[in-house]
Amino acid sequence: MSTDIYSFLLFKSLYQPIEAFKQLEQVRPSRFGILLRYSLWLIILPPAFSLIGAANFGWRLGAAEPLVLPTRSLLLVSAGYFLVLVFGLLSTSFISRWMAPTYGAKTGLGRHVALVTVVSQPLAVASIAHLYPHVFVNILVLIPTMMWSMYLLYRGIPIVLKTSPENGILMASSLLAWLLVAAVSLLGLSMMLWTLGMGPLLGV
Amino acid sequence: MNEVMNNSYHDKVVIRLIQFSIIWALLAMTAGVYISAELIWPDMDFGQFWLSYGRLRPLHTNGIIFGFGVSALMATGFYSVQRTSHVPLFLPKLAWFCCYAWQLIVLLGGLSLLAGWTTSKEYAELEWPFDIAIAVTWVCFGVVFFGTIANRKIKPIYISNWFYGALIIVIAMLHIVNSLAIPVTFGKSYSIYAGAQDAVVQWWYGHNAVGFLLTGGFLGMMYYFLPKHSGRPIWSYRLSVVAFWTFTYSYIWAGPHHLHYSAVPDWVLSLAMVMSVILLAPSWATMINGVMTVSSASEKLKTDPALKFIVLSLAFYGLATFEGPMMSFPSVNVVSHFTDWTVGHVHSGALGWNAMITYGTFYFMVPRLVGTELYSVRLANIHFWMALAGTMLYIMSMWGAGVSQGLLWLSVDEIGELSFSFTDIMSSMTPYYGLRLMAGMIFLGGTALMAYNLYMTVLGKQAVTVQVPKVDPAFGVNS
């Protein structure tokens, strides 16, 4: 099956997730095909939106005046954001494949890249909220989206990776632990970079 | 008759403690929801001192930790120590004394907090008469627990008992040392420590109360009930023993990481940070041990709604024990300290780990204690999703609020002056607090569902008498 079909299936998971999951289970996705022709383009969206948003409106963290950064800093921050997302996509795919034998799931790497892409897709699309970088607006949009992504994770694993629903719950919870840790690491890493002088001017 | 009584487990006291634990959970969580509403609408105290944030907040924390948490730990401790030792409780009347004395302390202590009595030490706010009562009751708890172990018919002391034992010994030590004070009146005393020394002792207490009560005690619960739930032995018993000793050794040093950028010497803070990072190893060893134990028993999830709570609690345990060491780095702490991020971190532990594992354990124990099925599996499943949604919403809103606060407080303009005033920043937090209020109500709603479900389960039923089984000679004390 050509890579275009996978791309179509991945896109279809946005509006008909269960159907798309079932069809994904039938095919053997190629890891590079999915990565280069779909996933990387998808995760370029959040840094691009945040770059445009921050350059035009500045970051609104809640208080009166927005924080406006020089374009050079913004480019650097967005590039960092993109690299972190690439790292997140790849590491989560590898961890998912590493966990798969424990839960009797399929192990082809392409399949795991596809799964992670499908799960993160709603978040990447909803990152359009970054165009108006008000922290609260973003939280309001991204929290429900994240719950939808979590639903896709719990529903998707048993179908795409062909394992029992019970094993699916266990594997999804284990992956959730990794994702939570990754999210909080991102937060901590940003704080460290900020206090070291990248980003807004802080009195530290 | 006496022969039967002498050879059966004492479970009535366990049921009573579970009932108290659930009542305190409902009351203390309601107080939490109320004060989170007060942060949005400060007038909600209606001019009453006892309804003010300053008095209700310690009521919330003490009610959860000592009312809900300790009652649950006493219940599960009494339940599991009998079964792992193959003997009934040592001095069962003393166990009943512990049960009621503890509830009286929580009740009267809570009222004293509302009346404005406080030592002003966080998580140790109760005044000296209560401190003495706590010490006495706690020692009695230790006598019952260790007496049962001393009488045991099984030679090895199972790993859960090591954790419960550490809980009893370390909390006694922390509580007595940190509460040393000179009484002035019946309701007022002054700590014998002063200045930076007071701060170090207080956070040695505060952090290890988190360590040995909210982590160690609940790990005891995990090590007994997870294998029971899943019908599998612990994945690696050796790993659990190694994790216990590294956990006990390294936790006790980590307290001063609460005092970064203060008058405490730098080397103390660096040591605390290093020990906090080392702590990640035993914490995650335990998480992996739990996850791998349950991984081989997935078919149990079909029949047991409670196992899901325990699986998820391990995920949040992993998050909280990673987040904590990370927040002890000075470069993260400078932003996160004093912000709502800390509040979010505490709740990822308290809601995600402590409450979830306790709920899972209660759903497991209560039907067995009265010899029946759970009243409604469907309600338990709804509770699971409410608990997950409430916890996630809570953490996310506090991450957003905390990071915003940290950055805005530290923002300076070109000439080095603060960019924003404190009051402006705090008044802009209302939307996050709204989300948090919603999260709290969802979580409390789930807890109320559980209370109803378990109430209907035990309604009109009597505790089952469980005989002590025969000991396998290979593991007997004389083998």
# chains A, B, ... in the order shown; residues from 1 in each chain; ligands from 1
$ residues_around --residues "stretch 109-111 of chain A" --least-positions-apart "3" --cutoff "12 Å" --atoms "only C-alpha atoms" --output "ChimeraX atom specification"
/A:3,6,10,21,23-36,39,90-100,105-106,114-118,156-157,159-162
$ interface_residues --of "chain B" --to "chain A" --cutoff "7 Å" --atoms "only C-alpha atoms" --output "list in words"
Ser295, Ser298, Glu299, Leu301, Lys302, Leu312, Ala315, Phe316, Gly318, Leu319, Phe322, Glu323, Met326, Ser331, Val332, Val335, Ser404, Leu410, Ser411, Val412, Asp424, Ile425, Ser428 and Met429 of chain B
$ select_by_dssp --residues "stretch 92-289 of chain B" --states "strand (DSSP E)" --output "list in words"
Ala181, Ile182, Pro183, Val184, Thr185, Lys188, Ser189, Tyr190 and Ser191 of chain B
$ residues_around --residues "B:Arg232" --least-positions-apart "6" --cutoff "9 Å" --atoms "only C-alpha atoms" --output "PyMOL selection string"
chain B and resi 226+293-294+296-297
$ write_last_selection --atoms "N, CA and C atoms" --output "mmCIF file, in the first residue's frame"
data_model
loop_
_atom_site.group_PDB
_atom_site.id
_atom_site.type_symbol
_atom_site.label_atom_id
_atom_site.label_comp_id
_atom_site.auth_asym_id
_atom_site.auth_seq_id
_atom_site.Cartn_x
_atom_site.Cartn_y
_atom_site.Cartn_z
ATOM 1 N N LEU B 226 -1.744 -4.707 45.913
ATOM 2 C CA LEU B 226 -1.583 -4.921 44.470
ATOM 3 C C LEU B 226 -1.401 -6.408 44.138
ATOM 4 N N THR B 293 4.179 -6.097 38.093
ATOM 5 C CA THR B 293 3.339 -7.077 38.795
ATOM 6 C C THR B 293 1.969 -7.164 38.142
ATOM 7 N N VAL B 294 1.410 -5.987 37.843
ATOM 8 C CA VAL B 294 0.048 -5.973 37.322
ATOM 9 C C VAL B 294 0.027 -6.332 35.835
ATOM 10 N N SER B 296 1.254 -8.746 34.269
ATOM 11 C CA SER B 296 1.046 -10.155 33.944
ATOM 12 C C SER B 296 -0.353 -10.615 34.348
ATOM 13 N N ALA B 297 -1.163 -9.700 34.828
ATOM 14 C CA ALA B 297 -2.482 -10.102 35.327
ATOM 15 C C ALA B 297 -3.591 -9.278 34.698
#
$ residues_around --residues "stretch 207-214 of chain B" --least-positions-apart "6" --cutoff "7 Å" --atoms "only C-alpha atoms" --output "list in words"
Ala166, Leu167, Val170, Ile171, Tyr251, Ile252, Gly255 and Asn354 of chain B
